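Asker: The structure follows.
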Amino acid sequence: MNPVVELWLSRLRRDNLAKKASQSPLLGKKMEILVVGSGGREDALVWNLGQSPLVSKIYCGPGNGGICSRPKTECLSIKADDIFGLADFAQENRIDLTIVGPEAPLVAGISDLFEKRGLKIFGPKKKAAQLEGSKIFAKNFMKKYGIPTADFENFSKPEKAKEYALKNLPIVIKADGLAGGKGVVVCFNRDDVLKAIERLMLKKEFGVSGNRVVVEKFLEGEEATFMILTDGEKFITLLPTQDHKAVFDGDKGENTGGMGAYAPAPIIDAQIKKEVQEKIVKPCLAGLKKERIIYKGCLYFGLMLTKTGPRVLEFNCRFGDPESQPLMMLLESDIVPILKEIAEGKLLTKEIRWRNGAAVCVIMAAGGYPGKYEIGKEIKGLEEAEKMKDVVVFSAGIRKENGILKTAGGRVLGVTARGRGLKEAIALAYQAVAKIHFEGEHHRTDIGKKALEKF
Ligand code: AMP
Ligand code: GLY
């Protein structure tokens with residue numbers, strides 16, 4: 001080749017490489033990230049983000065007594081619902097990316113506020129977050145776009161809701177607005193209906209969230225969680241997971257925020273995954289687009305796998321808790337570029353790499369939870385459990401007082417273990433659980449068992 005052309009070509013190659021390299025986040029300034037929230041899900045995110053070579057610093061608002069000890073991490077005294085305080089902090093400290101854990105700030109419009117101020121944020125805007133913020137919005141949306149869900153009616157008058165519910169037993173009554181996962185009552189008889197209407201609509205246990213209710217047909221089947229990360233157009237799926245909502249073994253007792261989870265959930269096999277993507281995820285994204293809603297963030301589909309196919313029980317506009325805990329332990333890809341791409345409105349990553357094997361999270365809860373519970377109990381044995389290989393204890397309701405770890409919430413810890421298979425992960429998680437103690441502690445002893453029995 002002509003030496004002049006050769007020189008020119010080599011310069012071009014070098015310049016192109018240099019240009020590419022300068023665009024690579026690996027060589028750019030390392031990122032400072034703000035995580036919003038204070039639970040086990042946020043600890044799992046912080047733990048994972050801390051391992052990314054792209055991240056130099058993580059702030060967590062407000063975080064908890066365990067999160068503040070994670071590498072690179074500092075907790076802030078700004079609460080998750082103080083969206084203006086968080087935006088001021090992100091602006092003043094030139095935060096590169098904010099990741100929102102819980103639903104309340106999203107429903108309150110944290111992403112709208114951040115974007116208005118030119119701040120990058122992972123999480124849907126207020127309009128999109130209505131998928132979780134209003135069950136009536138979600139159900140009407142599903143009906144409009146043919147997304148399979150239970151038949152339903154919406155009511156604002158208690159008398160009418162009661163009449164319809166009694167005619168259609170068994171039935172499920174759901175407060176329209178946010179209720180911390182506790183605004184849904186499954187009713188098998190007349191008494192259940194009367195109590196549910198009384199609690200939600202008359203006594204207003206969840207305030208204005210109970211002004212209106214959805215009354216929907218009871219569905220039979222097994223529940224599973226399917227989450228996607230999306231920029232509103234493209235999406236990538238997370239591993240299917242399964243939460244355990246009831247407080248006691250065998251899915252008995254009251255519903256909680258979740259007593260444990262595992263991943264991957266084999267009940268969502270390749271065929272069901274395809275069906276969920278075709279019949280639920282794609283129509284949902286297409287519907288949102290038609291409504292001129294750009295959904296950027298994690299979209300959570302709470303599914304009931306019925307004999308006639310998967311049905312959507314609920315949408316959440318954020319990562320699941322405790323589903324995120326096993327997922328964060330199984331992630332092999334660096335999640336930071338993916339979340340950044342979505343925050344920038346352009347998802348380029350095509351898939352996420354996961355480690356082989358399975359992970360299980362067992363929630364250790366305060367005595368009395370999900371009802372009334374005491375806090376301030378000293379937690380012992382946590383360090384010993386954390387020393388175990390392939391075990392991470394994620395903290396939820398914890399605070400540190402003079403260096404001593406104490407309980408500060410209902411769901412206290414998410415003891416999470418990774419194994420070559422589900423059986424190994426379960427055994428390891430429970431070995432770790434056995435090392436940790438606090439007064440009144442209770443946990444389920446059958447997390448993941450359903451999958452072991454069937455597969
Ligand atoms: P949701 O917040 O709407 O997912 O409801 C909370 C829990 O109530 C679910 O995880 C299910 O266990 C139960 N549930 C909700 N809707 C139904 C339904 N239509 N049929 C049976 N169980 C339901
Ligand atoms: N695990 C249920 C939820 O995140 O709402």
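By order of appearance in the structure tokens: chains A, B, ..., then residues from 1 within every chain, and ligands from 1 in the order shown.
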Any idea what's packed within 10 Å of stretch 437-445 of chain A, counting only C-alpha atoms, ignoring anything in its chain fewer than 4 positions away? Could you give it as number ranges by chain?
Answerer: A: 244, 246-251, 259-260, 362-369, 373-382, 406-407, 410-413, 426, 430, 433, 449
Asker: The selected residues should be written to file as a CSV table (one decimal), in the first residue's frame (atoms: N, CA, C and O atoms).
Answerer:
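Okay, this is what ended up in result.csv:
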chain,number,residue,atom,x,y,z
A,244,HIS,N,-42.5,-14.2,48.4
A,244,HIS,CA,-43.4,-14.9,49.3
A,244,HIS,C,-44.0,-13.9,50.2
A,244,HIS,O,-43.5,-13.4,51.1
A,246,ALA,N,-47.0,-13.9,52.0
A,246,ALA,CA,-47.7,-14.2,53.3
A,246,ALA,C,-46.7,-14.3,54.4
A,246,ALA,O,-45.5,-14.7,54.1
A,247,VAL,N,-47.1,-14.0,55.6
A,247,VAL,CA,-46.2,-13.9,56.7
A,247,VAL,C,-45.7,-15.3,57.2
A,247,VAL,O,-44.6,-15.5,57.6
A,248,PHE,N,-46.6,-16.3,57.0
A,248,PHE,CA,-46.2,-17.7,57.6
A,248,PHE,C,-45.9,-18.7,56.5
A,248,PHE,O,-46.3,-18.5,55.4
A,249,ASP,N,-45.2,-19.7,56.9
A,249,ASP,CA,-44.9,-20.9,56.0
A,249,ASP,C,-46.2,-21.4,55.3
A,249,ASP,O,-47.3,-21.3,55.9
A,250,GLY,N,-46.0,-21.9,54.1
A,250,GLY,CA,-47.2,-22.4,53.4
A,250,GLY,C,-48.1,-21.3,52.9
A,250,GLY,O,-49.3,-21.6,52.7
A,251,ASP,N,-47.6,-20.1,52.8
A,251,ASP,CA,-48.4,-19.0,52.3
A,251,ASP,C,-49.6,-18.7,53.2
A,251,ASP,O,-50.7,-18.3,52.7
A,259,MET,N,-41.7,-11.7,52.4
A,259,MET,CA,-40.9,-12.4,53.4
A,259,MET,C,-39.7,-13.2,52.9
A,259,MET,O,-39.0,-13.9,53.6
A,260,GLY,N,-39.5,-13.1,51.5
A,260,GLY,CA,-38.3,-13.8,50.9
A,260,GLY,C,-38.6,-13.9,49.5
A,260,GLY,O,-39.7,-13.8,49.0
A,362,VAL,N,-33.8,-14.6,52.5
A,362,VAL,CA,-34.8,-14.9,53.6
A,362,VAL,C,-34.9,-13.6,54.4
A,362,VAL,O,-33.9,-13.1,54.9
A,363,ILE,N,-36.1,-13.1,54.6
A,363,ILE,CA,-36.3,-11.9,55.4
A,363,ILE,C,-36.4,-12.3,56.9
A,363,ILE,O,-37.2,-13.2,57.2
A,364,MET,N,-35.6,-11.6,57.7
A,364,MET,CA,-35.8,-11.8,59.2
A,364,MET,C,-36.5,-10.5,59.6
A,364,MET,O,-36.1,-9.4,59.4
A,365,ALA,N,-37.7,-10.8,60.3
A,365,ALA,CA,-38.6,-9.7,60.6
A,365,ALA,C,-38.7,-9.5,62.1
A,365,ALA,O,-38.4,-10.4,62.9
A,366,ALA,N,-39.2,-8.3,62.5
A,366,ALA,CA,-39.4,-8.0,63.9
A,366,ALA,C,-40.7,-8.7,64.4
A,366,ALA,O,-41.6,-8.9,63.6
A,367,GLY,N,-40.7,-9.1,65.7
A,367,GLY,CA,-41.8,-9.8,66.3
A,367,GLY,C,-43.1,-9.0,66.1
A,367,GLY,O,-43.1,-7.8,66.4
A,368,GLY,N,-44.1,-9.6,65.6
A,368,GLY,CA,-45.4,-8.8,65.4
A,368,GLY,C,-45.6,-8.4,64.0
A,368,GLY,O,-46.8,-8.2,63.5
A,369,TYR,N,-44.5,-8.2,63.2
A,369,TYR,CA,-44.6,-7.8,61.8
A,369,TYR,C,-45.4,-8.8,61.0
A,369,TYR,O,-45.2,-10.0,61.2
A,373,TYR,N,-45.1,-3.9,65.8
A,373,TYR,CA,-43.9,-4.5,66.3
A,373,TYR,C,-43.0,-3.5,67.0
A,373,TYR,O,-43.2,-2.3,66.9
A,374,GLU,N,-42.1,-4.0,67.8
A,374,GLU,CA,-41.2,-3.1,68.6
A,374,GLU,C,-39.9,-3.0,67.8
A,374,GLU,O,-39.5,-3.8,67.0
A,375,ILE,N,-39.2,-1.8,68.1
A,375,ILE,CA,-37.9,-1.6,67.4
A,375,ILE,C,-36.9,-1.4,68.6
A,375,ILE,O,-37.2,-1.5,69.7
A,376,GLY,N,-35.6,-1.3,68.2
A,376,GLY,CA,-34.6,-1.0,69.2
A,376,GLY,C,-34.0,-2.3,69.8
A,376,GLY,O,-33.3,-2.2,70.8
A,377,LYS,N,-34.2,-3.4,69.1
A,377,LYS,CA,-33.6,-4.7,69.7
A,377,LYS,C,-32.2,-4.9,69.1
A,377,LYS,O,-32.0,-4.7,67.9
A,378,GLU,N,-31.3,-5.3,70.0
A,378,GLU,CA,-29.9,-5.5,69.5
A,378,GLU,C,-29.8,-6.7,68.6
A,378,GLU,O,-30.4,-7.7,68.8
A,379,ILE,N,-29.1,-6.5,67.5
A,379,ILE,CA,-28.9,-7.6,66.5
A,379,ILE,C,-27.5,-8.2,66.7
A,379,ILE,O,-26.5,-7.5,66.7
A,380,LYS,N,-27.5,-9.5,67.0
A,380,LYS,CA,-26.3,-10.2,67.2
A,380,LYS,C,-26.0,-11.3,66.1
A,380,LYS,O,-26.9,-11.8,65.5
A,381,GLY,N,-24.7,-11.5,65.9
A,381,GLY,CA,-24.3,-12.5,64.9
A,381,GLY,C,-24.2,-12.1,63.5
A,381,GLY,O,-23.9,-12.9,62.6
A,382,LEU,N,-24.5,-10.9,63.2
A,382,LEU,CA,-24.6,-10.4,61.8
A,382,LEU,C,-23.2,-10.5,61.1
A,382,LEU,O,-23.1,-11.0,60.0
A,406,LYS,N,-29.1,-2.1,65.8
A,406,LYS,CA,-30.4,-2.3,66.4
A,406,LYS,C,-31.5,-2.3,65.4
A,406,LYS,O,-31.4,-1.7,64.3
A,407,THR,N,-32.6,-3.0,65.7
A,407,THR,CA,-33.7,-3.1,64.7
A,407,THR,C,-34.4,-1.7,64.7
A,407,THR,O,-34.5,-1.0,65.7
A,410,GLY,N,-39.9,-3.2,60.4
A,410,GLY,CA,-40.6,-4.5,60.4
A,410,GLY,C,-39.8,-5.5,59.7
A,410,GLY,O,-39.5,-6.6,60.3
A,411,ARG,N,-39.4,-5.2,58.5
A,411,ARG,CA,-38.5,-6.2,57.8
A,411,ARG,C,-37.1,-5.7,58.2
A,411,ARG,O,-36.7,-4.6,57.8
A,412,VAL,N,-36.3,-6.5,58.9
A,412,VAL,CA,-35.1,-6.0,59.4
A,412,VAL,C,-33.9,-6.4,58.5
A,412,VAL,O,-33.1,-5.5,58.2
A,413,LEU,N,-33.8,-7.6,58.1
A,413,LEU,CA,-32.6,-8.1,57.3
A,413,LEU,C,-33.1,-9.0,56.2
A,413,LEU,O,-34.1,-9.6,56.3
A,426,ILE,N,-30.6,-22.2,49.1
A,426,ILE,CA,-31.5,-22.2,50.3
A,426,ILE,C,-30.8,-22.7,51.5
A,426,ILE,O,-30.9,-22.1,52.6
A,430,TYR,N,-30.2,-20.4,55.0
A,430,TYR,CA,-30.7,-20.7,56.3
A,430,TYR,C,-29.6,-21.0,57.3
A,430,TYR,O,-29.8,-20.7,58.5
A,433,VAL,N,-28.9,-17.5,58.4
A,433,VAL,CA,-30.0,-17.0,59.3
A,433,VAL,C,-29.8,-17.5,60.7
A,433,VAL,O,-30.0,-16.8,61.7
A,449,LYS,N,-39.1,-23.2,48.6
A,449,LYS,CA,-39.4,-24.7,48.7
A,449,LYS,C,-40.4,-25.1,47.5
A,449,LYS,O,-40.2,-26.2,46.9
Asker: Using only C-alpha atoms and all ligand atoms, find each protein or nucleic acid residue lying at most 6 Å from ligand 1; present the set as JSON, numbers by chain.
Answerer: {"A": [150, 172, 181, 184, 216, 217, 218, 219, 302, 313, 314]}
Asker: List every residue of stretch 104-188 of chain A that DSSP, applied to the backbone of this structure, places in strand (DSSP E), and write the result as a ChimeraX atom specification.
Answerer: /A:121-122,152-155,171-175,184-187
Asker: Residues of the last selection are to be written out with N, CA, C and O atoms, as an mmCIF file, in the first residue's frame.
Answerer:
data_model
loop_
_atom_site.group_PDB
_atom_site.id
_atom_site.type_symbol
_atom_site.label_atom_id
_atom_site.label_comp_id
_atom_site.auth_asym_id
_atom_site.auth_seq_id
_atom_site.Cartn_x
_atom_site.Cartn_y
_atom_site.Cartn_z
ATOM 1 N N ILE A 121 -31.848 10.709 35.936
ATOM 2 C CA ILE A 121 -32.516 9.891 36.957
ATOM 3 C C ILE A 121 -33.080 8.618 36.328
ATOM 4 O O ILE A 121 -33.596 8.642 35.210
ATOM 5 N N PHE A 122 -32.947 7.513 37.068
ATOM 6 C CA PHE A 122 -33.519 6.232 36.631
ATOM 7 C C PHE A 122 -34.808 6.018 37.402
ATOM 8 O O PHE A 122 -34.785 5.819 38.622
ATOM 9 N N PHE A 152 -63.018 -6.856 36.375
ATOM 10 C CA PHE A 152 -63.113 -5.935 37.518
ATOM 11 C C PHE A 152 -64.180 -4.865 37.295
ATOM 12 O O PHE A 152 -64.645 -4.663 36.174
ATOM 13 N N GLU A 153 -64.486 -4.157 38.374
ATOM 14 C CA GLU A 153 -65.275 -2.920 38.324
ATOM 15 C C GLU A 153 -64.627 -1.941 39.293
ATOM 16 O O GLU A 153 -64.030 -2.364 40.297
ATOM 17 N N ASN A 154 -64.762 -0.651 39.013
ATOM 18 C CA ASN A 154 -64.238 0.377 39.928
ATOM 19 C C ASN A 154 -65.404 1.027 40.671
ATOM 20 O O ASN A 154 -66.468 1.226 40.088
ATOM 21 N N PHE A 155 -65.172 1.382 41.935
ATOM 22 C CA PHE A 155 -66.252 1.993 42.725
ATOM 23 C C PHE A 155 -65.745 3.143 43.587
ATOM 24 O O PHE A 155 -64.635 3.083 44.120
ATOM 25 N N ILE A 171 -63.697 -12.768 45.894
ATOM 26 C CA ILE A 171 -63.426 -11.505 45.201
ATOM 27 C C ILE A 171 -62.233 -10.802 45.873
ATOM 28 O O ILE A 171 -61.908 -11.116 47.020
ATOM 29 N N VAL A 172 -61.615 -9.877 45.160
ATOM 30 C CA VAL A 172 -60.478 -9.151 45.745
ATOM 31 C C VAL A 172 -60.786 -7.657 45.711
ATOM 32 O O VAL A 172 -61.166 -7.123 44.663
ATOM 33 N N ILE A 173 -60.644 -7.007 46.860
ATOM 34 C CA ILE A 173 -60.920 -5.572 46.935
ATOM 35 C C ILE A 173 -59.593 -4.839 47.115
ATOM 36 O O ILE A 173 -58.800 -5.172 47.997
ATOM 37 N N LYS A 174 -59.366 -3.832 46.257
ATOM 38 C CA LYS A 174 -58.073 -3.136 46.268
ATOM 39 C C LYS A 174 -58.259 -1.631 46.381
ATOM 40 O O LYS A 174 -58.979 -1.037 45.566
ATOM 41 N N ALA A 175 -57.584 -1.039 47.348
ATOM 42 C CA ALA A 175 -57.585 0.426 47.442
ATOM 43 C C ALA A 175 -56.925 0.963 46.185
ATOM 44 O O ALA A 175 -55.932 0.404 45.704
ATOM 45 N N VAL A 184 -54.756 -4.422 49.707
ATOM 46 C CA VAL A 184 -55.478 -5.441 48.927
ATOM 47 C C VAL A 184 -56.045 -6.491 49.877
ATOM 48 O O VAL A 184 -55.318 -7.024 50.715
ATOM 49 N N VAL A 185 -57.352 -6.756 49.768
ATOM 50 C CA VAL A 185 -57.957 -7.757 50.642
ATOM 51 C C VAL A 185 -58.640 -8.831 49.799
ATOM 52 O O VAL A 185 -59.499 -8.520 48.976
ATOM 53 N N VAL A 186 -58.215 -10.062 50.008
ATOM 54 C CA VAL A 186 -58.866 -11.185 49.326
ATOM 55 C C VAL A 186 -60.051 -11.600 50.200
ATOM 56 O O VAL A 186 -59.891 -11.859 51.393
ATOM 57 N N CYS A 187 -61.242 -11.625 49.598
ATOM 58 C CA CYS A 187 -62.461 -11.898 50.385
ATOM 59 C C CYS A 187 -63.112 -13.199 49.932
ATOM 60 O O CYS A 187 -63.452 -13.348 48.755
#
Asker: Can you check which parts of chain A lie within 7 Å of ligand 2? Per residue, the shortest pair of atoms and distance in Å to one decimal, counting only C-alpha atoms and all ligand atoms, sorted by chain and number, as CSV.
Answerer:
residue,atom,partner,partner_atom_place_in_ligand_line,distance
A:Gly181,CA,ligand 2,5 (O),6.4
A:Asp243,CA,ligand 2,1 (N),5.6
A:Gly257,CA,ligand 2,2 (C),6.0
A:Gly258,CA,ligand 2,1 (N),5.2
A:Asn316,CA,ligand 2,5 (O),6.5
A:Phe319,CA,ligand 2,4 (O),6.5
A:Gly320,CA,ligand 2,4 (O),3.3
A:Asp321,CA,ligand 2,4 (O),4.0
A:Pro322,CA,ligand 2,1 (N),5.4
A:Glu323,CA,ligand 2,1 (N),5.9
Asker: Find the residues near A:Ile58: any atom within 10 Å, counting only C-alpha atoms, skip ones fewer than 5 places away on the same chain, and give them as a list of chain:residue names.
Answerer: A:Met31, A:Glu32, A:Ile33, A:Leu34, A:Val35, A:Val46, A:Trp47, A:Leu49, A:Gly50, A:Cys68, A:Arg70, A:Pro71, A:Lys72, A:Thr73, A:Glu74, A:Cys75, A:Ile95, A:Leu97, A:Thr98
Asker: Print the selection's residues with N, CA and C atoms to a file, as a compact mmCIF listing (two decimals), in the first residue's frame.
Answerer:
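Saved to part-v4.txt:
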# COMPACT_ATOMS: atom_id res chain seq x y z
N MET A 31 -18.31 7.94 38.16
CA MET A 31 -19.61 8.50 38.46
C MET A 31 -19.91 8.57 39.95
N GLU A 32 -20.65 9.62 40.30
CA GLU A 32 -21.20 9.71 41.65
C GLU A 32 -22.69 9.45 41.52
N ILE A 33 -23.15 8.50 42.33
CA ILE A 33 -24.54 8.05 42.19
C ILE A 33 -25.32 8.33 43.46
N LEU A 34 -26.57 8.70 43.30
CA LEU A 34 -27.46 8.88 44.44
C LEU A 34 -28.54 7.80 44.37
N VAL A 35 -28.65 7.02 45.45
CA VAL A 35 -29.71 6.01 45.52
C VAL A 35 -30.76 6.53 46.50
N VAL A 46 -27.03 -0.68 46.31
CA VAL A 46 -25.80 -0.01 46.73
C VAL A 46 -24.63 -1.01 46.75
N TRP A 47 -24.89 -2.20 47.26
CA TRP A 47 -23.87 -3.26 47.33
C TRP A 47 -23.36 -3.57 45.92
N LEU A 49 -23.76 -1.65 43.07
CA LEU A 49 -23.17 -0.47 42.43
C LEU A 49 -21.75 -0.23 42.93
N GLY A 50 -21.54 -0.53 44.21
CA GLY A 50 -20.23 -0.32 44.83
C GLY A 50 -19.14 -1.15 44.16
N CYS A 68 -24.91 2.50 55.28
CA CYS A 68 -23.84 3.49 55.42
C CYS A 68 -22.46 2.84 55.59
N ARG A 70 -21.42 0.30 53.66
CA ARG A 70 -20.99 -0.30 52.38
C ARG A 70 -19.84 0.51 51.79
N PRO A 71 -18.95 -0.14 51.04
CA PRO A 71 -17.84 0.59 50.42
C PRO A 71 -18.32 1.75 49.55
N LYS A 72 -17.58 2.83 49.54
CA LYS A 72 -17.80 4.04 48.72
C LYS A 72 -19.08 4.79 49.13
N THR A 73 -19.75 4.35 50.19
CA THR A 73 -21.12 4.84 50.43
C THR A 73 -21.25 5.78 51.62
N GLU A 74 -22.10 6.77 51.44
CA GLU A 74 -22.41 7.70 52.53
C GLU A 74 -23.92 7.89 52.58
N CYS A 75 -24.49 7.81 53.78
CA CYS A 75 -25.94 8.03 53.90
C CYS A 75 -26.22 9.50 54.17
N ILE A 95 -24.34 15.22 40.95
CA ILE A 95 -24.54 13.77 40.90
C ILE A 95 -24.77 13.34 39.45
N LEU A 97 -25.90 10.33 38.33
CA LEU A 97 -27.08 9.49 38.10
C LEU A 97 -27.78 9.23 39.43
N THR A 98 -29.11 9.37 39.41
CA THR A 98 -29.91 9.05 40.60
C THR A 98 -30.77 7.83 40.29
Asker: A:Lys252, A:Lys234, A:Lys245, A:Arg199: which is nearest A:Ile338, counting only C-alpha atoms?
Answerer: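 Nearest candidate to A:Ile338 out of A:Lys252, A:Lys234, A:Lys245, A:Arg199: A:Lys234.
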